[in-house]
Amino acid sequence: MQVTTARSLVGTTMPDGTFNAGRYTTEFEPALSFRVSEGWKPIYPESPDALRILGPEAGEIDFSDPSHVFDPSTLSSPKEVSPPENTDEWVSWFRRYPNVNASEPVPVSVGGASGLRIDVTSTAETYVRDLCGPSPCIPLFPYGGTEVGNLALFGPSEKNRFLIVDVKGETVVINVVAWSSSFDEFLPKAQKLLDAVEWERT
């Protein structure tokens, strides 16, 4: 009897929903791959504009290429508007967003793509129930269709680090998020995954 190897399972999604350890190639655009260890799993089916993966300590990494953002001046009745056009504009957008504390930007590189990194926290007391449910939040932008929903900032119990990079003419927004109590523990594991990102060259 011929014995075949399970090499085809490397980097695939297993029946329990987790990634098999190895390099995983995504359907996200611009296309990328990354190496994962055990314990990571996709949260929703990925789409060309959104990839959300859950890791240890309930931390999460989101890759997105938003086609719209929510107008910060109309959050009581959210309105979608065109997104910032480049890395610098995204940083400025975060820094002037009401009830958002954003750090000074720091140069960053992900998979050879250059950009800026900022740490962001929310002081939201507003409830936008249609977008965020029963918790006070600041909705930022919709992505991934109705199955994925909206990216939002929740209160001080959550910490967010955004890495905004330019990839082949596209601006990719990467959010590293975890509970404040476990963020420092999750961050090195998230950084290890980000260090393994490779953008598909065309």
# chains A, B, ... in the order shown; residues from 1 in each chain; ligands from 1

$ residues_around --residues "Leu193 in chain A" --least-positions-apart "6" --cutoff "8 Å" --atoms "only C-alpha atoms" --output "PyMOL selection string"
chain A and resi 34-36

$ write_last_selection --atoms "C-alpha atoms" --output "PDB file, in the first residue's frame"
ATOM      1  CA  PHE A  34       1.914  34.173   6.774  1.00  0.00           C
ATOM      2  CA  ARG A  35       3.243  31.421   8.982  1.00  0.00           C
ATOM      3  CA  VAL A  36       1.111  30.370  11.942  1.00  0.00           C
TER       4      VAL A  36
END

$ residues_around --residues "range 158-174 of chain A" --least-positions-apart "6" --cutoff "8 Å" --atoms "only C-alpha atoms" --output "VMD selection string"
chain A and resid 30 61 to 66 85 to 87 90 108 to 110 113 to 121 180 183 199

$ write_last_selection --atoms "C-alpha atoms" --output "PDB file, in the first residue's frame"
ATOM      1  CA  PRO A  30      -3.568  42.369  -1.935  1.00  0.00           C
ATOM      2  CA  ILE A  61      -5.294  40.435  14.130  1.00  0.00           C
ATOM      3  CA  ASP A  62      -7.470  42.036  11.467  1.00  0.00           C
ATOM      4  CA  PHE A  63      -6.321  42.787   7.920  1.00  0.00           C
ATOM      5  CA  SER A  64      -8.594  45.158   6.010  1.00  0.00           C
ATOM      6  CA  ASP A  65      -8.713  47.304   2.893  1.00  0.00           C
ATOM      7  CA  PRO A  66     -11.807  49.396   3.636  1.00  0.00           C
ATOM      8  CA  GLU A  85      -6.370  57.583   0.507  1.00  0.00           C
ATOM      9  CA  ASN A  86      -2.945  56.779   1.951  1.00  0.00           C
ATOM     10  CA  THR A  87      -1.018  55.994   5.117  1.00  0.00           C
ATOM     11  CA  TRP A  90      -5.256  57.328   7.737  1.00  0.00           C
ATOM     12  CA  VAL A 108       6.859  50.331  10.546  1.00  0.00           C
ATOM     13  CA  SER A 109       7.369  47.633   7.934  1.00  0.00           C
ATOM     14  CA  VAL A 110       5.225  44.533   7.390  1.00  0.00           C
ATOM     15  CA  ALA A 113       5.710  47.143   2.925  1.00  0.00           C
ATOM     16  CA  SER A 114       6.389  50.459   4.647  1.00  0.00           C
ATOM     17  CA  GLY A 115       3.924  52.437   6.690  1.00  0.00           C
ATOM     18  CA  LEU A 116       3.116  53.858  10.103  1.00  0.00           C
ATOM     19  CA  ARG A 117       2.078  52.378  13.440  1.00  0.00           C
ATOM     20  CA  ILE A 118      -0.165  54.006  16.039  1.00  0.00           C
ATOM     21  CA  ASP A 119      -1.657  52.816  19.315  1.00  0.00           C
ATOM     22  CA  VAL A 120      -5.307  53.742  19.712  1.00  0.00           C
ATOM     23  CA  THR A 121      -7.718  53.704  22.642  1.00  0.00           C
ATOM     24  CA  SER A 180      -5.957  45.525  28.017  1.00  0.00           C
ATOM     25  CA  PHE A 183      -2.354  42.894  25.419  1.00  0.00           C
ATOM     26  CA  TRP A 199       2.912  39.875   0.100  1.00  0.00           C
TER      27      TRP A 199
END

$ closest_residue --among "A:Gly39, A:Gly22, A:Pro142, A:Pro156" --to "Ser82 in chain A" --atoms "only C-alpha atoms"
A:Pro142

$ atom_distance --atom1 "CA of Glu125 in chain A" --atom2 "CA of Ser92 in chain A"
22.2 Å

$ closest_residue --among "A:Val81, A:Ile53, A:Leu32, A:Val69" --to "Pro139 in chain A" --atoms "only C-alpha atoms"
A:Val69

$ select_by_dssp --residues "chain A" --states "alpha helix (DSSP H)" --output "number ranges by chain"
A: 87-96, 129-132, 145-148, 183-195

$ write_last_selection --atoms "N, CA and C atoms" --output "mmCIF file, in the first residue's frame"
data_model
loop_
_atom_site.group_PDB
_atom_site.id
_atom_site.type_symbol
_atom_site.label_atom_id
_atom_site.label_comp_id
_atom_site.auth_asym_id
_atom_site.auth_seq_id
_atom_site.Cartn_x
_atom_site.Cartn_y
_atom_site.Cartn_z
ATOM 1 N N THR A 87 -1.413 56.231 3.728
ATOM 2 C CA THR A 87 -1.018 55.994 5.117
ATOM 3 C C THR A 87 -1.100 57.257 5.965
ATOM 4 N N ASP A 88 -0.545 58.351 5.465
ATOM 5 C CA ASP A 88 -0.548 59.600 6.232
ATOM 6 C C ASP A 88 -1.970 60.076 6.506
ATOM 7 N N GLU A 89 -2.847 59.956 5.509
ATOM 8 C CA GLU A 89 -4.233 60.384 5.714
ATOM 9 C C GLU A 89 -4.949 59.513 6.740
ATOM 10 N N TRP A 90 -4.654 58.208 6.738
ATOM 11 C CA TRP A 90 -5.256 57.328 7.737
ATOM 12 C C TRP A 90 -4.828 57.738 9.153
ATOM 13 N N VAL A 91 -3.563 58.014 9.335
ATOM 14 C CA VAL A 91 -3.081 58.430 10.656
ATOM 15 C C VAL A 91 -3.772 59.722 11.089
ATOM 16 N N SER A 92 -3.868 60.694 10.178
ATOM 17 C CA SER A 92 -4.543 61.956 10.503
ATOM 18 C C SER A 92 -6.008 61.718 10.846
ATOM 19 N N TRP A 93 -6.646 60.796 10.129
ATOM 20 C CA TRP A 93 -8.050 60.482 10.388
ATOM 21 C C TRP A 93 -8.232 59.936 11.800
ATOM 22 N N PHE A 94 -7.382 58.999 12.196
ATOM 23 C CA PHE A 94 -7.458 58.469 13.556
ATOM 24 C C PHE A 94 -7.215 59.567 14.590
ATOM 25 N N ARG A 95 -6.240 60.413 14.348
ATOM 26 C CA ARG A 95 -5.822 61.392 15.358
ATOM 27 C C ARG A 95 -6.846 62.506 15.555
ATOM 28 N N ARG A 96 -7.715 62.735 14.586
ATOM 29 C CA ARG A 96 -8.738 63.772 14.761
ATOM 30 C C ARG A 96 -10.124 63.188 15.031
ATOM 31 N N ARG A 129 -26.051 51.062 18.823
ATOM 32 C CA ARG A 129 -26.482 49.673 18.963
ATOM 33 C C ARG A 129 -26.593 48.940 17.628
ATOM 34 N N ASP A 130 -26.978 49.644 16.582
ATOM 35 C CA ASP A 130 -27.124 48.985 15.287
ATOM 36 C C ASP A 130 -25.790 48.463 14.764
ATOM 37 N N LEU A 131 -24.689 49.089 15.192
ATOM 38 C CA LEU A 131 -23.374 48.714 14.690
ATOM 39 C C LEU A 131 -22.547 47.950 15.705
ATOM 40 N N CYS A 132 -22.750 48.220 16.983
ATOM 41 C CA CYS A 132 -21.843 47.678 18.000
ATOM 42 C C CYS A 132 -22.524 46.849 19.069
ATOM 43 N N GLY A 145 -18.459 42.505 4.340
ATOM 44 C CA GLY A 145 -19.867 42.196 4.144
ATOM 45 C C GLY A 145 -20.599 41.997 5.462
ATOM 46 N N THR A 146 -21.824 41.547 5.375
ATOM 47 C CA THR A 146 -22.664 41.433 6.570
ATOM 48 C C THR A 146 -22.189 40.355 7.523
ATOM 49 N N GLU A 147 -21.471 39.337 7.016
ATOM 50 C CA GLU A 147 -21.024 38.253 7.898
ATOM 51 C C GLU A 147 -19.961 38.737 8.878
ATOM 52 N N VAL A 148 -19.126 39.671 8.440
ATOM 53 C CA VAL A 148 -18.057 40.160 9.298
ATOM 54 C C VAL A 148 -18.505 41.376 10.077
ATOM 55 N N PHE A 183 -2.929 42.368 26.656
ATOM 56 C CA PHE A 183 -2.354 42.894 25.419
ATOM 57 C C PHE A 183 -0.842 42.709 25.367
ATOM 58 N N ASP A 184 -0.154 43.026 26.455
ATOM 59 C CA ASP A 184 1.310 42.928 26.458
ATOM 60 C C ASP A 184 1.774 41.489 26.267
ATOM 61 N N GLU A 185 0.998 40.532 26.756
ATOM 62 C CA GLU A 185 1.348 39.130 26.578
ATOM 63 C C GLU A 185 1.063 38.663 25.152
ATOM 64 N N PHE A 186 -0.012 39.197 24.558
ATOM 65 C CA PHE A 186 -0.380 38.799 23.197
ATOM 66 C C PHE A 186 0.523 39.435 22.143
ATOM 67 N N LEU A 187 1.002 40.635 22.394
ATOM 68 C CA LEU A 187 1.707 41.398 21.371
ATOM 69 C C LEU A 187 2.901 40.658 20.757
ATOM 70 N N PRO A 188 3.795 40.015 21.532
ATOM 71 C CA PRO A 188 4.916 39.310 20.891
ATOM 72 C C PRO A 188 4.457 38.180 19.965
ATOM 73 N N LYS A 189 3.356 37.518 20.303
ATOM 74 C CA LYS A 189 2.846 36.440 19.447
ATOM 75 C C LYS A 189 2.259 37.013 18.156
ATOM 76 N N ALA A 190 1.590 38.156 18.296
ATOM 77 C CA ALA A 190 1.075 38.820 17.104
ATOM 78 C C ALA A 190 2.220 39.306 16.229
ATOM 79 N N GLN A 191 3.261 39.857 16.858
ATOM 80 C CA GLN A 191 4.391 40.356 16.091
ATOM 81 C C GLN A 191 5.106 39.229 15.358
ATOM 82 N N LYS A 192 5.175 38.065 15.961
ATOM 83 C CA LYS A 192 5.804 36.917 15.296
ATOM 84 C C LYS A 192 5.063 36.574 14.012
ATOM 85 N N LEU A 193 3.722 36.601 14.058
ATOM 86 C CA LEU A 193 2.949 36.334 12.847
ATOM 87 C C LEU A 193 3.183 37.437 11.813
ATOM 88 N N LEU A 194 3.174 38.695 12.253
ATOM 89 C CA LEU A 194 3.364 39.801 11.320
ATOM 90 C C LEU A 194 4.761 39.771 10.697
ATOM 91 N N ASP A 195 5.743 39.327 11.458
ATOM 92 C CA ASP A 195 7.105 39.223 10.925
ATOM 93 C C ASP A 195 7.192 38.182 9.812
#

$ atom_distance --atom1 "CA of Phe19 in chain A" --atom2 "CA of Ile43 in chain A"
11.0 Å

$ decode --residues "range 129-169 of chain A" --atoms "N, CA and C atoms" --output "compact mmCIF listing (two decimals), in the first residue's frame"
# COMPACT_ATOMS: atom_id res chain seq x y z
N ARG A 129 -26.05 51.06 18.82
CA ARG A 129 -26.48 49.67 18.96
C ARG A 129 -26.59 48.94 17.63
N ASP A 130 -26.98 49.64 16.58
CA ASP A 130 -27.12 48.99 15.29
C ASP A 130 -25.79 48.46 14.76
N LEU A 131 -24.69 49.09 15.19
CA LEU A 131 -23.37 48.71 14.69
C LEU A 131 -22.55 47.95 15.71
N CYS A 132 -22.75 48.22 16.98
CA CYS A 132 -21.84 47.68 18.00
C CYS A 132 -22.52 46.85 19.07
N GLY A 133 -23.84 46.77 19.07
CA GLY A 133 -24.49 46.01 20.11
C GLY A 133 -24.66 46.82 21.38
N PRO A 134 -24.69 46.15 22.55
CA PRO A 134 -25.04 46.82 23.80
C PRO A 134 -23.90 47.55 24.50
N SER A 135 -22.70 47.60 23.89
CA SER A 135 -21.57 48.24 24.54
C SER A 135 -21.26 49.58 23.89
N PRO A 136 -20.79 50.56 24.68
CA PRO A 136 -20.39 51.82 24.07
C PRO A 136 -19.20 51.59 23.14
N CYS A 137 -19.22 52.22 21.98
CA CYS A 137 -18.16 51.97 21.02
C CYS A 137 -18.02 53.13 20.06
N ILE A 138 -16.95 53.09 19.30
CA ILE A 138 -16.73 54.02 18.20
C ILE A 138 -16.59 53.18 16.93
N PRO A 139 -17.60 53.15 16.07
CA PRO A 139 -17.50 52.39 14.82
C PRO A 139 -16.55 53.10 13.86
N LEU A 140 -15.65 52.34 13.26
CA LEU A 140 -14.66 52.93 12.35
C LEU A 140 -15.03 52.72 10.89
N PHE A 141 -15.19 51.45 10.50
CA PHE A 141 -15.55 51.19 9.11
C PHE A 141 -16.17 49.80 8.97
N PRO A 142 -17.03 49.63 7.96
CA PRO A 142 -17.59 48.30 7.66
C PRO A 142 -16.59 47.53 6.81
N TYR A 143 -16.60 46.22 6.97
CA TYR A 143 -15.75 45.40 6.10
C TYR A 143 -16.24 43.97 6.06
N GLY A 144 -15.87 43.29 4.97
CA GLY A 144 -16.15 41.88 4.86
C GLY A 144 -17.61 41.53 4.67
N GLY A 145 -18.46 42.51 4.34
CA GLY A 145 -19.87 42.20 4.14
C GLY A 145 -20.60 42.00 5.46
N THR A 146 -21.82 41.55 5.37
CA THR A 146 -22.66 41.43 6.57
C THR A 146 -22.19 40.35 7.52
N GLU A 147 -21.47 39.34 7.02
CA GLU A 147 -21.02 38.25 7.90
C GLU A 147 -19.96 38.74 8.88
N VAL A 148 -19.13 39.67 8.44
CA VAL A 148 -18.06 40.16 9.30
C VAL A 148 -18.50 41.38 10.08
N GLY A 149 -19.16 42.31 9.42
CA GLY A 149 -19.70 43.45 10.13
C GLY A 149 -18.82 44.67 10.10
N ASN A 150 -18.56 45.25 11.28
CA ASN A 150 -17.88 46.53 11.37
C ASN A 150 -16.71 46.45 12.33
N LEU A 151 -15.66 47.19 12.01
CA LEU A 151 -14.57 47.33 12.96
C LEU A 151 -14.87 48.52 13.86
N ALA A 152 -14.80 48.30 15.15
CA ALA A 152 -15.13 49.36 16.10
C ALA A 152 -14.13 49.35 17.25
N LEU A 153 -14.00 50.50 17.89
CA LEU A 153 -13.20 50.61 19.10
C LEU A 153 -14.13 50.57 20.30
N PHE A 154 -13.80 49.71 21.25
CA PHE A 154 -14.54 49.66 22.50
C PHE A 154 -13.72 50.33 23.59
N GLY A 155 -14.25 50.40 24.79
CA GLY A 155 -13.68 51.23 25.85
C GLY A 155 -12.32 50.83 26.35
N PRO A 156 -11.94 51.28 27.54
CA PRO A 156 -10.59 51.09 28.06
C PRO A 156 -10.22 49.64 28.36
N SER A 157 -11.18 48.73 28.32
CA SER A 157 -10.85 47.32 28.55
C SER A 157 -10.16 46.70 27.34
N GLU A 158 -10.06 47.45 26.24
CA GLU A 158 -9.49 46.94 24.99
C GLU A 158 -8.37 47.87 24.52
N LYS A 159 -7.30 47.26 23.98
CA LYS A 159 -6.21 48.04 23.39
C LYS A 159 -6.05 47.66 21.92
N ASN A 160 -5.75 48.65 21.10
CA ASN A 160 -5.61 48.45 19.67
C ASN A 160 -4.29 49.04 19.19
N ARG A 161 -3.60 48.32 18.34
CA ARG A 161 -2.42 48.82 17.64
C ARG A 161 -2.68 48.70 16.15
N PHE A 162 -2.65 49.81 15.44
CA PHE A 162 -2.88 49.82 14.00
C PHE A 162 -1.56 49.99 13.26
N LEU A 163 -1.35 49.12 12.28
CA LEU A 163 -0.22 49.21 11.38
C LEU A 163 -0.81 49.47 10.00
N ILE A 164 -0.50 50.62 9.43
CA ILE A 164 -1.11 51.04 8.17
C ILE A 164 0.01 51.08 7.14
N VAL A 165 -0.06 50.20 6.15
CA VAL A 165 1.04 50.04 5.20
C VAL A 165 0.54 50.15 3.77
N ASP A 166 1.41 50.61 2.90
CA ASP A 166 1.11 50.72 1.48
C ASP A 166 1.66 49.50 0.76
N VAL A 167 0.77 48.77 0.08
CA VAL A 167 1.15 47.54 -0.61
C VAL A 167 0.70 47.64 -2.07
N LYS A 168 1.65 47.80 -2.96
CA LYS A 168 1.34 47.80 -4.40
C LYS A 168 0.19 48.74 -4.74
N GLY A 169 0.24 49.94 -4.17
CA GLY A 169 -0.79 50.93 -4.47
C GLY A 169 -2.04 50.84 -3.63
